[in-house]
>>> print(open('run26.txt').read())   # compact mmCIF, C-alpha atoms and all ligand atoms
# COMPACT_ATOMS: atom_id res chain seq x y z
CA MET N 1 110.49 217.49 194.09
CA SER N 2 111.92 214.67 191.98
CA ALA N 3 114.12 215.82 189.13
CA GLN N 4 112.25 217.07 186.12
CA LYS N 5 112.38 214.77 183.09
CA PHE N 6 112.99 215.52 179.42
CA PHE N 7 112.50 213.66 176.15
CA THR N 8 115.37 213.78 173.66
CA LEU N 9 114.13 214.72 170.19
CA SER N 10 115.51 213.17 166.98
CA ASN N 11 117.68 216.29 166.47
CA GLY N 12 119.28 215.81 169.93
CA ASN N 13 117.44 218.71 171.62
CA LYS N 14 115.73 218.10 174.95
CA ILE N 15 112.08 218.97 175.61
CA PRO N 16 110.49 219.11 179.10
CA ALA N 17 108.52 215.87 179.25
CA ILE N 18 105.20 217.37 180.35
CA SER N 19 103.43 220.59 179.43
CA ILE N 20 101.59 221.75 182.56
CA ILE N 21 99.86 224.67 180.92
CA GLY N 22 98.02 224.48 177.62
CA THR N 23 96.51 227.82 176.58
CA GLY N 24 93.75 226.42 174.35
CA THR N 25 90.66 224.26 175.12
CA GLN N 26 88.97 225.86 178.15
CA TRP N 27 90.94 229.10 177.54
CA TYR N 28 90.17 229.22 173.81
CA LYS N 29 88.70 232.53 172.69
CA GLY N 30 86.36 232.62 169.72
CA GLY N 31 87.59 235.86 168.19
CA ALA N 32 90.07 238.72 168.30
CA ASP N 33 87.60 240.88 170.22
CA SER N 34 87.04 238.34 173.06
CA PRO N 35 87.67 239.88 176.49
CA PHE N 36 91.07 239.66 178.14
CA ASN N 37 91.16 236.72 180.59
CA LYS N 38 92.95 237.67 183.82
CA ASN N 39 92.51 234.15 185.21
CA LEU N 40 94.60 232.75 182.39
CA VAL N 41 97.36 235.27 183.09
CA GLU N 42 97.38 234.19 186.74
CA GLN N 43 97.44 230.49 185.81
CA ILE N 44 100.37 230.93 183.41
CA LYS N 45 102.25 233.04 185.96
CA PHE N 46 101.65 230.36 188.56
CA ALA N 47 102.97 227.67 186.19
CA LEU N 48 106.03 229.85 185.51
CA SER N 49 106.63 230.28 189.24
CA LEU N 50 107.08 226.52 189.73
CA PRO N 51 110.62 225.06 189.69
CA GLY N 52 112.13 223.67 186.49
CA VAL N 53 111.63 224.52 182.84
CA THR N 54 107.97 225.45 182.32
CA HIS N 55 106.51 224.03 179.12
CA VAL N 56 103.73 226.21 177.69
CA ASP N 57 101.54 225.10 174.77
CA ALA N 58 100.17 227.94 172.63
CA ALA N 59 98.67 228.47 169.17
CA GLU N 60 97.66 231.29 166.90
CA ASN N 61 94.00 230.34 166.77
CA TYR N 62 93.53 230.13 170.57
CA ARG N 63 93.73 233.95 170.52
CA THR N 64 95.36 233.88 173.94
CA TYR N 65 98.65 235.60 173.08
CA PRO N 66 97.64 238.75 175.01
CA GLU N 67 97.36 236.71 178.21
CA LEU N 68 100.53 234.72 177.54
CA SER N 69 102.41 237.89 176.68
CA GLN N 70 101.28 239.57 179.91
CA ALA N 71 102.30 236.54 182.00
CA LEU N 72 105.73 236.37 180.33
CA LYS N 73 106.26 240.05 181.05
CA GLU N 74 105.32 239.71 184.71
CA SER N 75 107.31 236.51 185.30
CA THR N 76 110.92 236.62 186.48
CA LYS N 77 111.71 233.19 185.04
CA PRO N 78 114.55 233.46 182.47
CA ARG N 79 113.61 232.76 178.85
CA ASP N 80 115.83 229.67 178.72
CA GLN N 81 113.77 228.18 181.58
CA ILE N 82 110.58 228.43 179.53
CA TRP N 83 109.64 226.16 176.63
CA ILE N 84 107.14 227.80 174.29
CA THR N 85 105.32 225.80 171.64
CA ASP N 86 103.34 227.72 169.01
CA LYS N 87 101.24 226.53 166.07
CA PHE N 88 100.33 227.80 162.63
CA SER N 89 96.60 227.58 161.88
CA LYS N 90 96.24 229.31 158.47
CA VAL N 91 93.02 230.90 159.78
CA ILE N 92 94.51 234.24 160.74
CA HIS N 93 97.61 234.48 158.54
CA LYS N 94 98.22 233.12 155.08
CA THR N 95 101.73 231.75 155.67
CA PRO N 96 103.73 230.41 158.63
CA LYS N 97 106.26 233.21 158.14
CA ASP N 98 103.65 235.96 158.56
CA ALA N 99 102.08 234.09 161.47
CA LEU N 100 105.27 233.42 163.42
CA ASN N 101 106.61 236.94 162.95
CA ASP N 102 103.35 238.25 164.35
CA SER N 103 103.38 235.72 167.26
CA LEU N 104 106.91 236.74 168.24
CA LYS N 105 105.97 240.40 168.15
CA GLN N 106 102.83 239.86 170.21
CA LEU N 107 104.60 237.66 172.73
CA GLY N 108 107.66 239.90 173.02
CA ILE N 109 110.11 237.04 172.35
CA ASP N 110 112.59 236.42 169.55
CA TYR N 111 112.16 232.68 169.00
CA VAL N 112 109.81 229.83 169.86
CA ASP N 113 111.12 226.51 171.10
CA LEU N 114 108.77 224.51 168.89
CA TYR N 115 106.62 225.52 165.92
CA LEU N 116 103.95 223.16 164.61
CA LEU N 117 101.61 222.98 161.65
CA HIS N 118 98.35 222.76 163.61
CA ASP N 119 96.71 220.35 161.13
CA PRO N 120 97.42 218.63 157.80
CA PHE N 121 94.49 220.10 155.85
CA TYR N 122 96.11 222.16 153.07
CA SER N 123 94.90 222.56 149.49
CA LYS N 124 95.16 224.82 146.46
CA GLU N 125 91.82 226.35 147.54
CA ASN N 126 92.74 226.89 151.18
CA PRO N 127 95.22 228.35 151.94
CA GLY N 128 96.44 228.22 148.32
CA TYR N 129 99.30 225.70 148.72
CA ASP N 130 99.69 222.06 149.72
CA VAL N 131 101.01 220.47 152.91
CA GLN N 132 104.47 219.86 151.43
CA GLN N 133 104.81 223.55 150.64
CA ALA N 134 103.57 224.36 154.16
CA TRP N 135 106.42 222.22 155.53
CA LYS N 136 108.95 224.02 153.29
CA TYR N 137 107.76 227.30 154.79
CA VAL N 138 108.22 225.95 158.31
CA GLU N 139 111.72 224.71 157.45
CA GLU N 140 112.66 228.29 156.47
CA LEU N 141 111.62 229.50 159.94
CA TYR N 142 113.85 226.85 161.48
CA LYS N 143 116.78 227.86 159.28
CA ALA N 144 116.24 231.50 160.25
CA GLY N 145 116.48 230.51 163.93
CA LEU N 146 112.96 231.73 164.72
CA ALA N 147 111.83 228.19 165.64
CA LYS N 148 114.37 226.02 167.47
CA ASN N 149 112.44 222.83 166.64
CA ILE N 150 109.71 222.13 164.09
CA GLY N 151 106.91 219.60 163.91
CA VAL N 152 103.27 218.92 163.14
CA SER N 153 99.96 218.29 164.87
CA ASN N 154 96.98 216.07 164.09
CA PHE N 155 98.91 214.39 161.26
CA ALA N 156 97.92 210.86 160.14
CA VAL N 157 100.44 208.34 158.75
CA GLU N 158 99.73 209.38 155.13
CA ASP N 159 100.26 213.06 155.98
CA LEU N 160 103.57 212.31 157.69
CA LYS N 161 104.72 210.25 154.72
CA LYS N 162 104.13 213.25 152.44
CA ILE N 163 106.33 215.39 154.67
CA LEU N 164 109.07 212.78 155.06
CA GLU N 165 109.24 212.45 151.26
CA ILE N 166 110.37 216.04 150.81
CA ALA N 167 111.75 217.05 154.22
CA GLU N 168 115.19 218.52 154.43
CA ILE N 169 114.57 218.84 158.18
CA LYS N 170 112.44 216.06 159.67
CA PRO N 171 109.49 216.91 161.96
CA VAL N 172 110.55 216.09 165.52
CA ILE N 173 107.02 216.01 166.97
CA ASN N 174 103.44 215.13 166.09
CA GLN N 175 100.99 216.55 168.65
CA ILE N 176 97.79 214.49 168.64
CA GLU N 177 94.81 213.65 170.82
CA TYR N 178 95.93 210.70 172.91
CA SER N 179 94.59 209.06 176.06
CA ALA N 180 93.95 205.57 177.38
CA PHE N 181 90.61 205.75 175.51
CA LEU N 182 92.16 206.97 172.23
CA GLN N 183 95.51 205.32 171.69
CA ASN N 184 95.56 206.00 167.93
CA GLN N 185 94.02 209.28 166.83
CA THR N 186 94.30 207.89 163.30
CA PRO N 187 95.16 204.31 162.28
CA GLY N 188 98.69 203.18 163.11
CA ILE N 189 99.94 206.62 164.13
CA TYR N 190 101.48 205.46 167.44
CA GLU N 191 103.64 202.75 165.80
CA PHE N 192 104.56 204.89 162.80
CA ALA N 193 105.75 207.77 164.98
CA LYS N 194 107.86 205.41 167.12
CA GLU N 195 109.40 203.74 164.05
CA ASN N 196 110.30 207.12 162.56
CA ASN N 197 111.63 208.66 165.77
CA ILE N 198 108.92 211.33 165.85
CA LEU N 199 107.91 212.12 169.44
CA LEU N 200 104.17 212.11 170.05
CA GLU N 201 102.66 214.79 172.28
CA ALA N 202 99.28 214.01 173.87
CA TYR N 203 96.62 216.65 174.14
CA ALA N 204 93.42 215.76 176.03
CA PRO N 205 95.33 213.13 178.07
CA LEU N 206 92.62 213.23 180.75
CA GLY N 207 89.95 212.00 178.32
CA PRO N 208 88.86 209.16 180.68
CA LEU N 209 88.01 211.73 183.39
CA SER N 210 86.14 214.15 181.13
CA ASN N 211 82.37 214.28 180.74
CA ALA N 212 82.78 212.77 177.28
CA ALA N 213 83.79 209.47 178.94
CA GLY N 214 80.21 208.98 180.20
CA GLU N 215 79.61 206.81 183.24
CA GLN N 216 82.96 206.24 184.90
CA SER N 217 82.69 202.66 186.07
CA GLY N 218 84.05 199.25 185.10
CA GLU N 219 87.40 197.49 185.18
CA PHE N 220 89.47 200.42 183.85
CA TYR N 221 88.15 202.77 186.52
CA ASP N 222 88.54 200.12 189.25
CA LEU N 223 92.20 199.79 188.31
CA LEU N 224 92.63 203.59 188.13
CA SER N 225 91.14 203.95 191.64
CA SER N 226 93.36 201.24 193.06
CA LEU N 227 96.49 202.83 191.51
CA SER N 228 95.43 206.21 192.85
CA LYS N 229 95.26 204.67 196.35
CA LYS N 230 98.50 202.71 195.95
CA TYR N 231 100.56 205.73 194.85
CA ASN N 232 98.59 208.27 196.88
CA HIS N 233 98.12 210.55 193.86
CA ASP N 234 94.98 211.69 192.15
CA LYS N 235 93.54 209.76 189.20
CA GLY N 236 94.46 212.54 186.77
CA LEU N 237 98.11 212.21 187.73
CA ILE N 238 98.01 208.43 187.24
CA LEU N 239 96.71 209.04 183.70
CA LEU N 240 99.43 211.63 182.96
CA ARG N 241 102.05 209.18 184.23
CA TRP N 242 100.59 206.42 182.03
CA VAL N 243 100.91 208.73 178.99
CA TYR N 244 104.55 209.46 179.86
CA GLN N 245 105.41 205.79 180.42
CA THR N 246 103.96 204.90 177.01
CA GLY N 247 106.64 207.22 175.59
CA VAL N 248 104.29 210.13 174.87
CA LEU N 249 104.55 213.71 176.19
CA PRO N 250 101.36 214.80 178.02
CA ILE N 251 99.94 218.32 177.62
CA THR N 252 97.46 219.29 180.28
CA THR N 253 95.86 222.45 181.63
CA SER N 254 93.63 223.50 184.49
CA SER N 255 91.75 226.47 185.87
CA LYS N 256 92.91 225.41 189.35
CA GLN N 257 96.36 226.17 190.74
CA GLU N 258 96.49 222.98 192.78
CA ARG N 259 96.00 220.88 189.64
CA ILE N 260 98.77 222.73 187.78
CA GLU N 261 101.06 222.05 190.72
CA THR N 262 99.92 218.43 191.00
CA ALA N 263 100.96 217.85 187.38
CA THR N 264 104.60 218.62 188.34
CA LYS N 265 104.46 215.66 190.76
CA VAL N 266 104.28 213.24 187.84
CA TRP N 267 108.00 212.48 188.43
CA GLU N 268 107.46 211.40 192.04
CA PHE N 269 106.33 207.86 191.29
CA GLU N 270 106.58 205.15 188.66
CA LEU N 271 103.93 202.67 187.50
CA THR N 272 105.13 199.10 187.02
CA ASN N 273 105.28 197.78 183.43
CA ASP N 274 102.42 195.47 184.28
CA GLU N 275 100.25 198.40 185.46
CA VAL N 276 101.02 200.39 182.30
CA GLU N 277 100.10 197.39 180.13
CA LYS N 278 96.87 196.75 182.06
CA LEU N 279 95.78 200.40 181.74
CA SER N 280 96.57 200.23 178.01
CA LYS N 281 94.65 196.98 177.55
CA LEU N 282 91.56 197.99 179.56
CA GLY N 283 91.65 201.48 178.02
CA ASN N 284 91.68 199.96 174.54
CA GLU N 285 88.66 197.83 175.37
CA HIS N 286 86.67 200.90 176.46
CA ALA N 287 84.59 202.86 173.94
CA THR N 288 86.64 205.52 172.12
CA VAL N 289 86.60 208.99 173.66
CA ARG N 290 87.51 211.55 171.00
CA GLN N 291 87.01 215.21 171.91
CA TYR N 292 88.70 217.17 169.09
CA TRP N 293 88.86 217.15 165.28
CA LYS N 294 85.76 214.94 165.32
CA PRO N 295 84.41 215.74 161.82
CA GLN N 296 87.80 214.80 160.34
CA TYR N 297 88.52 211.71 162.44
CA ASP N 298 85.29 210.25 163.90
CA GLN N 299 85.36 207.74 161.04
CA TYR N 300 88.20 205.94 162.89
CA ASN N 301 86.31 205.45 166.20
N1 LIG J 1 96.83 220.51 168.66
C1 LIG J 1 95.53 220.51 168.89
O1 LIG J 1 94.72 220.39 167.94
C2 LIG J 1 95.01 220.62 170.27
C3 LIG J 1 95.86 221.01 171.29
N2 LIG J 1 95.41 221.12 172.59
C4 LIG J 1 96.34 221.64 173.62
O2 LIG J 1 96.34 220.76 174.74
C5 LIG J 1 96.00 221.48 175.92
C6 LIG J 1 95.35 220.56 176.95
O3 LIG J 1 94.16 219.99 176.40
P1 LIG J 1 92.98 219.51 177.35
O4 LIG J 1 92.08 218.66 176.56
O5 LIG J 1 92.38 220.68 178.04
O6 LIG J 1 93.79 218.64 178.42
P2 LIG J 1 93.35 217.67 179.62
O7 LIG J 1 92.95 216.34 179.09
O8 LIG J 1 94.47 217.70 180.58
O9 LIG J 1 92.06 218.29 180.24
C7 LIG J 1 92.09 219.41 181.07
C8 LIG J 1 90.70 219.53 181.66
O10 LIG J 1 90.50 218.44 182.54
C9 LIG J 1 90.05 218.91 183.78
N3 LIG J 1 90.71 218.11 184.83
C10 LIG J 1 91.96 218.21 185.30
N4 LIG J 1 92.21 217.29 186.24
C11 LIG J 1 91.08 216.59 186.37
C12 LIG J 1 90.68 215.51 187.18
N5 LIG J 1 91.53 214.95 188.05
N6 LIG J 1 89.42 215.05 187.06
C13 LIG J 1 88.57 215.60 186.17
N7 LIG J 1 88.88 216.63 185.36
C14 LIG J 1 90.11 217.11 185.47
C15 LIG J 1 90.45 220.35 183.88
O11 LIG J 1 89.43 221.03 184.59
P3 LIG J 1 89.78 222.11 185.74
O12 LIG J 1 90.02 223.40 185.04
O13 LIG J 1 88.54 222.10 186.56
O14 LIG J 1 90.98 221.60 186.49
C16 LIG J 1 90.51 220.79 182.41
O15 LIG J 1 89.26 221.31 182.02
C17 LIG J 1 95.16 222.64 175.41
O16 LIG J 1 95.03 223.71 176.32
C18 LIG J 1 95.93 223.01 174.16
O17 LIG J 1 97.06 223.79 174.52
C19 LIG J 1 94.12 220.76 172.90
C20 LIG J 1 93.23 220.37 171.94
C21 LIG J 1 93.59 220.30 170.52
>>> encode(input="run26.txt", output="structure tokens")
Amino acid sequence: MSAQKFFTLSNGNKIPAISIIGTGTQWYKGGADSPFNKNLVEQIKFALSLPGVTHVDAAENYRTYPELSQALKESTKPRDQIWITDKFSKVIHKTPKDALNDSLKQLGIDYVDLYLLHDPFYSKENPGYDVQQAWKYVEELYKAGLAKNIGVSNFAVEDLKKILEIAEIKPVINQIEYSAFLQNQTPGIYEFAKENNILLEAYAPLGPLSNAAGEQSGEFYDLLSSLSKKYNHDKGLILLRWVYQTGVLPITTSSKQERIETATKVWEFELTNDEVEKLSKLGNEHATVRQYWKPQYDQYN
């Protein structure tokens, strides 16, 4: 295996440069009484059994803490070899403090590596305070050592500006939907994040291979197939590598062990700059594929 790679965050901390196991999307459970999912436990355990620091993406509203907690208990991987991201959703708890304390208890850990505001939609009506106050709450969790790094998710440029105006501790990450077919979840977010040294994380990086992409033909797919042949890796891995080489941290997941393992091979090859640029250009020319937060952001398609 080629050496695992890390991104350096604006605070100097290092984050494993791919998350191979997201615990939302296909694992998402509608409610607290949804049945326990043994397959998810096995998938997380498998991810934890692979060499290197395993980067797990979790969130309060996925309702998958029971499975993550079980996998963490059964794994022999030391805590410092696991990166755990968690997110505050305001759906279950009223404040980040209540939410994170409950997450830590449920997961049987005493800190998370990264804590994110899951979205920027805060108002006096719901949950009773604005996004700047939400950030102040998250800063307190950082100061208390319960979250080693803090950031946001699904934030647009205007939302980030509000936070930067009042931040004592800057957000190190913005986790957004990002793929070759959606290079700006909201206008200008890619450039703004780069300019402000906020690392972008990409969820749904395999958008071009999902059903939402429709018929998978044309110049982009021809190039993807030829790169898959050239590097002898599957198309999904080429897309994850493209995300990484555009300076963004991919978050993927799979119900299949071989795909979880394949994702760790993203360090075994390197696309040329020309190939990255061509994928970006042809991807941009393709119709937008947006899979999440559609009511809020479809207006930007
Ligand atoms: N902050 C936020 O608002 C959000 C965060 N997330 C986070 O990101 C994580 C990953 O998101 P997700 O959209 O699932 O990520 P991906 O884009 O990586 O999609 C994963 C899906 O793609 C399928 N897949 C994998 N490889 C291939 C391939 N080569 N060809 C075709 N299909 C393939 C998998 O199916 P199979 O199981 O068959 O392998 C799986 O269903 C979530 O679990 C969650 O943790 C996600 C959405 C929103």
>>> residues_near_ligand(input="run26.txt", ligand="ligand LIG 1 (chain J)", cutoff="7 Å", atoms="all atoms listed in the file", output="PyMOL selection string")
chain N and resi 21-27+57-58+118+153-154+175-177+203-207+209-210+234-236+251-256+259+292
>>> residues_around(input="run26.txt", residues="segment 170-172 of chain N", least_positions_apart="6", cutoff="6 Å", atoms="only C-alpha atoms", output="PyMOL selection string")
chain N and resi 10+150-151+198
>>> write_last_selection(input="run26.txt", atoms="C-alpha atoms", output="compact mmCIF listing (two decimals), in the frame of the given file")
# COMPACT_ATOMS: atom_id res chain seq x y z
CA SER N 10 115.51 213.17 166.98
CA ILE N 150 109.71 222.13 164.09
CA GLY N 151 106.91 219.60 163.91
CA ILE N 198 108.92 211.33 165.85
>>> residues_around(input="run26.txt", residues="Ile18 of chain N", least_positions_apart="6", cutoff="7 Å", atoms="only C-alpha atoms", output="PDB file with C-alpha atoms, keeping the file's coordinate frame")
ATOM      1  CA  HIS N  55     106.510 224.030 179.120  1.00  0.00           C
ATOM      2  CA  LEU N 249     104.550 213.710 176.190  1.00  0.00           C
ATOM      3  CA  PRO N 250     101.360 214.800 178.020  1.00  0.00           C
ATOM      4  CA  ILE N 251      99.940 218.320 177.620  1.00  0.00           C
TER       5      ILE N 251
END
>>> closest_residue(input="run26.txt", among="N:Phe181, N:Phe155, N:Phe192, N:Phe269", to="Trp293 of chain N", atoms="all atoms listed in the file")
N:Phe155
>>> residues_around(input="run26.txt", residues="Val248 of chain N", least_positions_apart="4", cutoff="7 Å", atoms="only C-alpha atoms", output="ChimeraX atom specification")
/N:199-202,243-244
>>> closest_residue(input="run26.txt", among="N:Ile189, N:Leu223, N:Ile166, N:Val112", to="Lys281 of chain N", atoms="all atoms listed in the file")
N:Leu223
>>> atom_distance(input="run26.txt", atom1="atom CA of Asn37 of chain N", atom2="atom CA of Thr85 of chain N")
20.0 Å
>>> axis_aligned_box(input="run26.txt", around="segment 102-111 of chain N", padding_each_side="8 Å", output="AutoDock Vina command-line options")
--center_x 107.7 --center_y 236.5 --center_z 168.7 --size_x 25.8 --size_y 23.7 --size_z 24.7
>>> residues_around(input="run26.txt", residues="Pro16 of chain N", least_positions_apart="6", cutoff="10 Å", atoms="only C-alpha atoms", output="JSON, numbers by chain")
{"N": [4, 5, 6, 7, 8, 52, 53, 54, 55, 56, 81, 82, 83, 249]}
>>> closest_residue(input="run26.txt", among="N:Glu268, N:Glu275, N:Pro127, N:Lys136", to="Ser226 of chain N", atoms="all atoms listed in the file")
N:Glu275
>>> residues_around(input="run26.txt", residues="Tyr221 of chain N", least_positions_apart="6", cutoff="12 Å", atoms="all atoms listed in the file", output="list of chain:residue names")
N:Ala180, N:Phe181, N:Pro208, N:Leu209, N:Ala213, N:Gly214, N:Glu215, N:Leu227, N:Ser228, N:Lys235, N:Gly236, N:Ile238, N:Leu239, N:Lys278, N:Leu279, N:Leu282, N:Gly283, N:His286
>>> closest_residue(input="run26.txt", among="N:Ala32, N:Ile84, N:Leu146, N:Ala287", to="Phe220 of chain N", atoms="all atoms listed in the file")
N:Ala287
>>> closest_residue(input="run26.txt", among="N:Glu125, N:Glu67, N:Glu285, N:Asp33", to="Glu219 of chain N", atoms="all atoms listed in the file")
N:Glu285
>>> closest_residue(input="run26.txt", among="N:Leu160, N:Tyr62, N:Leu271, N:Gln185", to="Ile173 of chain N", atoms="only C-alpha atoms")
N:Leu160
>>> atom_distance(input="run26.txt", atom1="atom CA of Val131 of chain N", atom2="atom CA of Ala144 of chain N")
20.2 Å
>>> atom_distance(input="run26.txt", atom1="atom CA of Pro66 of chain N", atom2="atom CA of Tyr115 of chain N")
18.4 Å
